[in-house]
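Peer 1: Next comes the structure file protein_25.txt, holding compact mmCIF, C-alpha atoms.
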# COMPACT_ATOMS: atom_id res chain seq x y z
CA MET A 1 109.18 20.81 -96.79
CA ASP A 2 112.19 21.51 -94.65
CA LEU A 3 113.68 19.03 -92.26
CA PHE A 4 112.82 20.96 -89.15
CA LYS A 5 109.14 20.92 -90.00
CA LEU A 6 109.25 17.23 -90.72
CA PHE A 7 110.87 16.65 -87.40
CA SER A 8 108.41 18.72 -85.40
CA LYS A 9 105.51 17.02 -87.16
CA ASN A 10 106.74 13.68 -85.92
CA GLN A 11 106.98 15.11 -82.44
CA GLU A 12 103.30 16.11 -82.38
CA LYS A 13 101.83 14.48 -79.31
CA SER A 14 98.66 12.51 -79.90
CA LYS A 15 97.05 14.06 -76.86
CA ASN A 16 97.36 17.49 -78.46
CA VAL A 17 95.67 16.17 -81.56
CA ALA A 18 92.88 14.83 -79.35
CA LYS A 19 92.55 18.13 -77.53
CA GLU A 20 92.35 20.21 -80.69
CA ARG A 21 89.79 17.87 -82.28
CA LEU A 22 87.76 17.91 -79.11
CA LYS A 23 87.78 21.71 -78.91
CA LEU A 24 86.50 21.99 -82.45
CA VAL A 25 83.74 19.45 -82.07
CA LEU A 26 82.60 21.02 -78.79
CA VAL A 27 82.18 24.43 -80.39
CA HIS A 28 79.39 23.00 -82.49
CA ASP A 29 77.99 20.73 -79.76
CA ARG A 30 77.71 23.61 -77.35
CA ALA A 31 76.22 26.13 -79.68
CA ASP A 32 73.71 23.58 -80.93
CA LEU A 33 73.52 25.46 -84.22
CA SER A 34 72.53 23.77 -87.45
CA PRO A 35 74.33 24.60 -90.71
CA LYS A 36 71.00 25.99 -91.90
CA PHE A 37 70.92 28.41 -88.97
CA LEU A 38 74.41 29.61 -89.88
CA GLU A 39 73.33 30.08 -93.51
CA MET A 40 70.37 32.19 -92.39
CA ILE A 41 72.59 34.41 -90.27
CA LYS A 42 74.99 34.75 -93.19
CA GLY A 43 72.17 35.84 -95.51
CA ASP A 44 70.96 38.47 -93.09
CA ILE A 45 74.43 39.85 -92.43
CA ILE A 46 75.04 40.20 -96.18
CA ARG A 47 71.73 42.00 -96.55
CA VAL A 48 72.38 44.47 -93.73
CA ILE A 49 75.98 45.26 -94.61
CA SER A 50 75.18 45.59 -98.31
CA GLU A 51 73.16 48.67 -97.47
CA TYR A 52 76.35 50.39 -96.42
CA ALA A 53 79.05 48.76 -98.49
CA GLU A 54 79.76 46.49 -101.39
CA ILE A 55 81.07 43.25 -99.99
CA ASP A 56 82.89 40.34 -101.49
CA GLU A 57 80.34 37.58 -100.96
CA GLU A 58 82.77 34.93 -102.20
CA GLY A 59 85.32 35.85 -99.57
CA LEU A 60 82.79 36.02 -96.77
CA ASP A 61 83.55 33.66 -93.92
CA ILE A 62 81.30 33.10 -90.94
CA LYS A 63 82.11 30.45 -88.37
CA LEU A 64 81.68 29.44 -84.77
CA THR A 65 84.68 29.40 -82.52
CA ARG A 66 85.55 29.69 -78.86
CA MET A 67 87.28 32.55 -77.18
CA LYS A 68 87.98 33.80 -73.71
CA LYS A 69 86.70 37.20 -72.71
CA GLU A 70 89.13 39.24 -70.67
CA GLY A 71 88.89 38.30 -67.03
CA ASP A 72 86.73 35.28 -67.76
CA ILE A 73 87.95 31.84 -66.82
CA SER A 74 85.81 29.70 -69.07
CA PRO A 75 85.74 30.29 -72.79
CA ILE A 76 82.50 31.17 -74.56
CA SER A 77 81.19 30.42 -78.01
CA ALA A 78 81.65 33.24 -80.46
CA LEU A 79 80.38 33.88 -83.92
CA VAL A 80 83.28 35.21 -85.97
CA ALA A 81 82.59 36.92 -89.26
CA ASN A 82 85.23 37.91 -91.76
CA ILE A 83 83.64 40.20 -94.32
CA PRO A 84 85.84 41.64 -97.06
CA ILE A 85 84.58 45.07 -98.16
CA ASN A 86 85.13 46.05 -101.79
CA LYS A 87 83.78 49.56 -101.62
CA VAL A 88 81.98 51.70 -99.09
CA LYS A 89 78.82 53.32 -100.37
CA ASP A 90 79.59 57.02 -99.84
CA SER A 91 76.07 58.35 -99.88
CA ASN A 92 75.11 56.42 -96.81
CA LEU A 93 77.95 57.76 -94.73
CA LYS A 94 76.98 61.34 -95.09
CA MET B 1 67.58 4.59 -39.01
CA GLU B 2 66.74 7.70 -37.05
CA ASN B 3 64.14 10.19 -38.18
CA GLU B 4 64.14 13.46 -40.12
CA LYS B 5 67.59 13.94 -41.46
CA ILE B 6 68.07 16.12 -44.47
CA GLY B 7 70.65 14.28 -46.46
CA THR B 8 72.33 15.19 -49.71
CA ALA B 9 71.41 13.48 -52.97
CA VAL B 10 74.30 13.05 -55.38
CA VAL B 11 73.87 11.75 -58.93
CA ILE B 12 76.81 10.00 -60.61
CA THR B 13 76.54 10.45 -64.36
CA SER B 14 78.62 10.55 -67.53
CA GLY B 15 76.65 10.38 -70.75
CA LYS B 16 78.94 7.77 -72.24
CA GLY B 17 78.67 4.19 -71.04
CA GLY B 18 81.55 2.17 -69.68
CA VAL B 19 83.54 4.97 -68.08
CA GLY B 20 83.05 3.70 -64.54
CA LYS B 21 79.84 5.24 -63.18
CA THR B 22 78.76 2.15 -61.29
CA THR B 23 82.23 1.51 -59.89
CA THR B 24 82.43 5.14 -58.80
CA THR B 25 78.99 4.95 -57.18
CA ALA B 26 79.88 1.79 -55.25
CA ASN B 27 83.19 3.21 -54.08
CA ILE B 28 81.90 6.63 -53.09
CA GLY B 29 78.97 5.02 -51.27
CA THR B 30 81.21 2.59 -49.42
CA GLY B 31 83.83 5.28 -48.82
CA LEU B 32 81.26 7.54 -47.15
CA ALA B 33 80.10 4.61 -45.00
CA ILE B 34 83.71 4.03 -43.93
CA LEU B 35 83.75 7.65 -42.78
CA GLY B 36 80.74 6.89 -40.59
CA LYS B 37 78.02 8.40 -42.76
CA SER B 38 74.69 6.71 -43.38
CA VAL B 39 74.42 6.07 -47.09
CA VAL B 40 72.05 4.55 -49.61
CA VAL B 41 73.29 3.79 -53.12
CA VAL B 42 70.48 3.78 -55.67
CA ASP B 43 70.71 1.95 -59.00
CA SER B 44 68.54 3.90 -61.42
CA ASP B 45 69.60 1.92 -64.48
CA ILE B 46 66.34 0.02 -64.85
CA GLY B 47 66.66 -3.03 -67.09
CA LEU B 48 70.45 -3.12 -66.79
CA ARG B 49 70.96 -3.68 -63.07
CA ASN B 50 74.63 -3.76 -62.08
CA LEU B 51 75.30 -1.88 -58.88
CA ASP B 52 74.21 -4.99 -56.95
CA VAL B 53 77.00 -7.16 -58.39
CA VAL B 54 79.64 -4.45 -58.00
CA MET B 55 78.62 -4.15 -54.34
CA GLY B 56 78.51 -7.93 -53.98
CA LEU B 57 74.87 -7.90 -52.85
CA GLU B 58 73.23 -9.64 -55.80
CA ASN B 59 72.09 -12.64 -53.76
CA ARG B 60 70.09 -10.60 -51.31
CA ILE B 61 67.67 -8.86 -53.64
CA VAL B 62 63.98 -9.37 -52.96
CA TYR B 63 62.36 -6.11 -53.99
CA ASP B 64 63.62 -3.34 -56.29
CA ILE B 65 63.18 0.35 -57.05
CA VAL B 66 60.04 -0.25 -59.15
CA ASP B 67 58.43 -2.22 -56.31
CA VAL B 68 59.14 0.68 -53.98
CA VAL B 69 57.84 3.32 -56.37
CA GLU B 70 54.71 1.29 -57.18
CA LYS B 71 54.27 0.64 -53.46
CA ASN B 72 54.37 -3.14 -53.78
CA CYS B 73 56.57 -2.96 -50.71
CA ARG B 74 57.53 -0.40 -48.10
CA LEU B 75 60.65 1.69 -48.68
CA LYS B 76 62.57 -0.09 -45.94
CA GLN B 77 61.74 -3.49 -47.38
CA GLY B 78 63.29 -2.50 -50.68
CA LEU B 79 66.61 -1.53 -49.10
CA ILE B 80 69.37 -4.12 -48.83
CA ARG B 81 71.87 -3.72 -46.07
CA ASP B 82 75.54 -3.98 -47.04
CA LYS B 83 77.45 -6.99 -45.77
CA ARG B 84 80.32 -4.93 -44.34
CA TYR B 85 78.92 -1.60 -43.18
CA ASP B 86 75.61 -1.47 -41.35
CA LYS B 87 74.93 2.17 -42.23
CA LEU B 88 75.23 1.38 -45.94
CA TYR B 89 72.23 0.29 -48.02
CA LEU B 90 71.47 -0.51 -51.65
CA LEU B 91 68.25 0.14 -53.52
CA PRO B 92 68.59 -2.08 -56.60
CA ALA B 93 67.19 -1.37 -60.05
CA ALA B 94 64.53 -3.60 -61.57
CA GLN B 95 65.98 -6.00 -64.09
CA THR B 96 62.88 -7.08 -66.01
CA LYS B 97 61.15 -3.76 -66.54
CA ASP B 98 61.99 -0.90 -68.88
CA LYS B 99 63.12 2.62 -68.22
CA SER B 100 59.62 4.09 -68.38
CA ALA B 101 58.62 2.10 -65.26
CA VAL B 102 59.61 5.08 -63.08
CA LYS B 103 58.62 8.67 -63.76
CA PRO B 104 60.67 11.71 -62.75
CA GLU B 105 58.02 12.81 -60.21
CA GLN B 106 58.15 9.38 -58.58
CA MET B 107 61.93 9.48 -58.51
CA LEU B 108 61.86 12.92 -56.90
CA GLU B 109 59.51 11.69 -54.20
CA LEU B 110 61.63 8.59 -53.61
CA VAL B 111 64.87 10.56 -53.30
CA ASN B 112 63.24 13.07 -50.95
CA ASN B 113 62.05 10.20 -48.75
CA LEU B 114 65.52 8.65 -48.75
CA LYS B 115 67.09 11.98 -47.80
CA LYS B 116 65.05 11.89 -44.60
CA GLU B 117 66.71 8.60 -43.63
CA PHE B 118 70.29 8.96 -44.86
CA ASP B 119 73.16 11.45 -44.83
CA TYR B 120 73.87 10.67 -48.47
CA VAL B 121 71.77 9.32 -51.31
CA ILE B 122 74.12 8.30 -54.14
CA ILE B 123 72.32 7.71 -57.44
CA ASP B 124 73.94 5.69 -60.21
CA SER B 125 72.72 7.07 -63.52
CA PRO B 126 72.26 4.99 -66.67
CA ALA B 127 74.32 5.78 -69.77
CA GLY B 128 72.70 8.08 -72.29
CA ILE B 129 70.70 11.26 -71.94
CA GLU B 130 67.16 9.94 -72.34
CA GLN B 131 64.38 9.16 -69.89
CA GLY B 132 66.56 7.09 -67.55
CA PHE B 133 69.07 9.92 -67.24
CA GLN B 134 66.29 12.46 -66.66
CA ASN B 135 64.92 10.24 -63.87
CA SER B 136 68.29 9.83 -62.21
CA ILE B 137 68.85 13.58 -61.87
CA ALA B 138 65.28 14.36 -60.78
CA GLY B 139 65.95 14.53 -57.05
CA ALA B 140 69.67 15.28 -57.04
CA ASP B 141 71.21 18.19 -55.13
CA MET B 142 74.59 17.83 -56.76
CA ALA B 143 76.14 15.96 -59.67
CA ILE B 144 79.39 14.12 -60.15
CA ILE B 145 80.48 13.60 -63.75
CA VAL B 146 82.69 10.63 -64.49
CA THR B 147 84.89 10.70 -67.55
CA THR B 148 88.01 9.00 -68.88
CA PRO B 149 90.85 10.78 -70.75
CA GLU B 150 89.30 9.81 -74.08
CA ILE B 151 87.93 12.20 -76.65
CA SER B 152 84.53 10.45 -76.78
CA ALA B 153 84.03 10.37 -73.03
CA VAL B 154 85.04 14.02 -72.59
CA ARG B 155 82.72 15.08 -75.38
CA ASP B 156 79.78 13.28 -73.77
CA ALA B 157 80.70 14.72 -70.38
CA ASP B 158 80.51 18.20 -71.89
CA ARG B 159 77.06 17.46 -73.25
CA VAL B 160 75.86 16.18 -69.88
CA ILE B 161 77.25 19.25 -68.09
CA GLY B 162 75.14 21.40 -70.42
CA LEU B 163 72.03 19.31 -69.78
CA LEU B 164 72.54 19.42 -66.01
CA GLU B 165 72.90 23.19 -66.07
CA ALA B 166 69.73 23.47 -68.12
CA LYS B 167 67.96 21.47 -65.40
CA GLY B 168 69.27 23.78 -62.69
CA LEU B 169 71.97 21.43 -61.39
CA GLN B 170 74.85 23.89 -61.22
CA ASP B 171 78.52 23.26 -60.48
CA PRO B 172 78.93 19.56 -61.18
CA ARG B 173 82.26 18.10 -60.08
CA LEU B 174 84.48 15.91 -62.22
CA VAL B 175 86.06 12.52 -61.60
CA ILE B 176 88.65 11.55 -64.21
CA ASN B 177 88.85 7.78 -64.25
CA ARG B 178 91.33 5.31 -65.78
CA ILE B 179 94.30 7.64 -66.04
CA ARG B 180 97.46 5.90 -67.24
CA PRO B 181 100.38 7.95 -65.90
CA GLU B 182 102.95 6.47 -68.29
CA MET B 183 100.81 7.43 -71.31
CA VAL B 184 100.22 10.92 -69.92
CA LYS B 185 103.99 11.31 -69.48
CA ARG B 186 104.56 10.27 -73.09
CA GLY B 187 101.99 12.81 -74.28
CA ASP B 188 99.71 10.08 -75.60
CA MET B 189 96.88 10.72 -73.18
CA MET B 190 95.19 13.97 -72.27
CA ASN B 191 96.25 15.08 -68.80
CA ILE B 192 94.16 16.52 -65.98
CA ASP B 193 94.80 20.12 -67.03
CA ASP B 194 93.81 19.40 -70.63
CA ILE B 195 90.48 17.96 -69.55
CA ILE B 196 89.71 20.61 -66.94
CA ASP B 197 90.65 23.28 -69.47
CA ILE B 198 88.09 21.92 -71.92
CA LEU B 199 85.22 21.13 -69.55
CA ALA B 200 85.76 24.12 -67.25
CA ILE B 201 84.34 22.46 -64.13
CA ASP B 202 85.76 21.70 -60.70
CA LEU B 203 87.83 18.57 -60.27
CA LEU B 204 86.65 16.21 -57.54
CA GLY B 205 89.31 13.59 -58.07
CA ILE B 206 91.41 11.39 -60.30
CA VAL B 207 91.50 7.60 -60.39
CA PRO B 208 94.32 5.65 -62.02
CA ASP B 209 93.69 2.73 -64.34
CA ASP B 210 94.29 -0.03 -61.82
CA GLU B 211 94.14 -3.82 -61.96
CA ALA B 212 93.00 -3.75 -58.34
CA ILE B 213 89.62 -2.43 -59.51
CA VAL B 214 89.08 -5.39 -61.82
CA ILE B 215 90.09 -7.80 -59.07
CA SER B 216 87.91 -6.19 -56.42
CA THR B 217 84.95 -6.01 -58.79
CA ASN B 218 85.42 -9.71 -59.52
CA LYS B 219 85.02 -10.34 -55.82
CA GLY B 220 82.18 -7.88 -55.27
CA GLU B 221 84.23 -5.77 -52.89
CA PRO B 222 84.65 -2.07 -53.70
CA VAL B 223 88.34 -1.20 -54.04
CA VAL B 224 87.98 1.72 -51.61
CA ILE B 225 88.31 -0.90 -48.86
CA GLU B 226 91.72 -1.98 -50.17
CA GLU B 227 94.23 -0.16 -48.04
CA LYS B 228 97.13 -0.75 -50.43
CA ALA B 229 95.48 -0.13 -53.80
CA MET B 230 96.27 3.17 -55.51
CA SER B 231 92.71 3.36 -56.85
CA GLY B 232 91.40 2.63 -53.36
CA LYS B 233 93.32 5.62 -52.05
CA ALA B 234 91.97 7.68 -54.94
CA PHE B 235 88.39 6.88 -53.95
CA ARG B 236 89.10 7.48 -50.26
CA ASN B 237 90.40 10.94 -51.19
CA ILE B 238 87.30 11.60 -53.28
CA THR B 239 84.93 10.71 -50.45
CA ARG B 240 86.83 12.91 -48.03
CA ARG B 241 86.49 15.81 -50.46
CA ILE B 242 82.75 15.15 -50.70
CA ILE B 243 82.33 15.65 -46.95
CA GLY B 244 84.24 18.91 -47.24
CA GLU B 245 87.80 18.00 -46.33
CA GLU B 246 90.68 19.45 -48.28
CA VAL B 247 92.74 16.61 -49.65
CA GLU B 248 95.72 16.97 -51.93
CA LEU B 249 95.47 15.42 -55.37
CA LEU B 250 96.81 11.90 -55.62
CA ASP B 251 100.34 11.69 -57.01
CA LEU B 252 99.96 9.05 -59.69
CA ASP B 253 103.67 8.96 -60.41
CA SER B 254 104.42 7.48 -57.02
CA ASN B 255 103.15 4.22 -58.49
CA ASP B 256 106.19 3.63 -60.66
CA GLU B 257 108.76 4.61 -58.10
CA GLY B 258 111.81 2.44 -57.75
CA LYS B 259 111.83 -0.69 -55.62
CA PHE B 260 114.38 0.86 -53.33
CA THR B 261 112.22 3.85 -52.42
CA LYS B 262 109.28 1.51 -52.01
CA ILE B 263 111.20 -0.54 -49.47
CA LEU B 264 112.34 2.61 -47.74
CA LYS B 265 108.74 3.74 -47.49
CA LEU B 266 107.69 0.38 -46.15
CA LEU B 267 110.42 0.55 -43.53
CA PHE B 268 109.97 4.11 -42.44
CA GLY B 269 106.36 4.77 -43.25
CA LYS B 270 105.29 7.51 -45.64
Could I get this structure in the form of structure tokens?

Peer 2:
Amino acid sequence: MDLFKLFSKNQEKSKNVAKERLKLVLVHDRADLSPKFLEMIKGDIIRVISEYAEIDEEGLDIKLTRMKKEGDISPISALVANIPINKVKDSNLK
Amino acid sequence: MENEKIGTAVVITSGKGGVGKTTTTANIGTGLAILGKSVVVVDSDIGLRNLDVVMGLENRIVYDIVDVVEKNCRLKQGLIRDKRYDKLYLLPAAQTKDKSAVKPEQMLELVNNLKKEFDYVIIDSPAGIEQGFQNSIAGADMAIIVTTPEISAVRDADRVIGLLEAKGLQDPRLVINRIRPEMVKRGDMMNIDDIIDILAIDLLGIVPDDEAIVISTNKGEPVVIEEKAMSGKAFRNITRRIIGEEVELLDLDSNDEGKFTKILKLLFGK
């Protein structure tokens, strides 16, 4: 680790730590989604996309986060899915 | 009391306990009375009565909110007049009964009756989000959320905001209590912008962490009466905003100004 990083780490304000932790915990509080619910969504997404493409199920990442829509003041909960595609199934695209 | 007003019912709530709901209720109630409004402060924390001691009226209690709701006494018999302001009244909670003693429908009826007699009905909510909380918001027209700059209090405030919205109580306003300016400056306490950014609701006011509050509570005199106290000024600003005045946000830094400027201010006025 370089010195600069070490230095900036020490400078991290505790209120920023609080704010980041709070943001994360509120994403889940607000959405009121159980891990089971997220698993169910994940299963369905895999099923649907698999009809069109081969996906890397290991690399699949689905999570809740918060983002601001353009023009909106308050952020909203968003379901973000990162789905690595190995190969598109040609026949279905024709 | 004259007849047929249509007052405003305001619930003071927080989710988390110990953030200053009761203190805020007492000070907003008293502050509105100072401005000439007729006010009743209602303690809805049945079983854990406290608004009476913060107001300094604990020796005058005969009847309580459960007596009124169960019609053991008339509404006016249950109300205790404040010792300083004759347009200010307290409806105390029952101390020996439990939270199921009052139902939301009864609370709604009670608040509607009080609104006919007073300009403002200020309801002190219990901590938590169960039955007692549901009762306290039953008749409210608007909500004030009290929080402190702590992660736990802000999280609970967020939860309560969601619950209020689900019950149709839109646009709650936020009071941030117990701010310590020197910690905020150091970056060791979330600041006003941080909290507003996260909760995304309107700010009603900020109150500094102030020894004057402890002292005034000891004496049973809301700090809003204290002309010189910073927290007293904070609550006076908050009450003025409630009645629709535009008041600039309190400058908390002016508290640690140098002695010289303080003397200058004393000499020349602000």

Peer 1: Can you pull out every residue within 12 Å of A:Lys19, counting all atoms listed in the file, but drop anything in the same chain fewer than 3 positions away, and send it as a list in words?

Peer 2: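 Residues meeting the cut-off are Glu12, Lys13, Ser14, Lys15, Asn16, Leu22, Lys23, Leu24, Val25 and Leu26 of chain A; Pro149, Glu150, Ile151, Ser152, Val154, Arg155, Gly187, Asp188, Met189, Met190, Asn191, Ile192, Asp193, Asp194, Ile195, Ile196, Asp197, Ile198 and Leu199 of chain B.
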
Peer 1: I'd like the contact shell of B:Phe235 - 8 Å cut-off, only C-alpha atoms, skipping same-chain residues fewer than 4 positions apart - returned as an MDAnalysis selection string.

Peer 2: chainID B and resid 24 27:28 31 205 207 224 231 239

Peer 1: Restrict the selected residues to C-alpha atoms and save them as a PDB file, in the frame of the given file.

Peer 2:
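Saved to selection22.pdb:
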ATOM      1  CA  THR B  24      82.430   5.140 -58.800  1.00  0.00           C
ATOM      2  CA  ASN B  27      83.190   3.210 -54.080  1.00  0.00           C
ATOM      3  CA  ILE B  28      81.900   6.630 -53.090  1.00  0.00           C
ATOM      4  CA  GLY B  31      83.830   5.280 -48.820  1.00  0.00           C
ATOM      5  CA  GLY B 205      89.310  13.590 -58.070  1.00  0.00           C
ATOM      6  CA  VAL B 207      91.500   7.600 -60.390  1.00  0.00           C
ATOM      7  CA  VAL B 224      87.980   1.720 -51.610  1.00  0.00           C
ATOM      8  CA  SER B 231      92.710   3.360 -56.850  1.00  0.00           C
ATOM      9  CA  THR B 239      84.930  10.710 -50.450  1.00  0.00           C
TER      10      THR B 239
END

Peer 1: Choose the residue, out of B:Ala101, B:Val111, B:Ala234, B:Ile122, that has the smallest atom-to-atom separation from B:Leu75; count only C-alpha atoms.

Peer 2: B:Val111

Peer 1: Of the candidates B:Ile145, B:Leu204, B:Val121, B:Ile65, which one gets nearest to B:Ile242 if we count all atoms listed in the file?

Peer 2: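 Among the listed residues, B:Leu204 lies closest to B:Ile242.
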
Peer 1: Using all atoms listed in the file, which of the listed residues (B:Lys83, B:Lys37, B:Lys99, B:Lys185) sits closest to chain A?

Peer 2: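 Result for the nearest residue to chain A: B:Lys185.
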
Peer 1: Identify which of the residues B:Leu114, B:Met142, B:Val11, B:Ala157 lies closest to B:Gly128, counting all atoms listed in the file when measuring atom-to-atom distances.

Peer 2: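 Nearest to B:Gly128: B:Ala157.
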
Peer 1: Figure out the distance between atom CA of B:Val175 and atom CA of B:Leu88, please, to one decimal in Å.

Peer 2: 22.1 Å

Peer 1: Counting all atoms listed in the file, which residue out of B:Lys116, B:Arg178, B:Arg241, B:Arg49 sits closest to B:Thr96?

Peer 2: B:Arg49

Peer 1: Adding 6 Å on each side of the box along x, y and z that holds all listed atoms of stretch 37-55 of chain A, could you give its centre and edge lengths in Å to one decimal, as JSON?

Peer 2:
{"center_x": 75.7, "center_y": 39.4, "center_z": -95.2, "size_x": 22.7, "size_y": 34.0, "size_z": 24.4}

Peer 1: Could you work out how far atom CA of B:Asn50 lies from atom CA of B:Met107, giving the answer in Å with one decimal?

Peer 2: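 If I compute the distance from atom CA of B:Met107 to atom CA of B:Asn50, I get 18.7 Å.
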
Peer 1: Calculate how many Å separate atom CA of B:Met230 from atom CA of B:Glu211, rounding to one decimal.

Peer 2: 9.7 Å

Peer 1: Can you work out which one of A:Asp56, A:Glu51, A:Asp61, A:Glu20 has the shortest atom-to-atom distance to A:Glu39, counting all atoms listed in the file?

Peer 2: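 Checking each candidate against A:Glu39, we get A:Asp61 as the closest.
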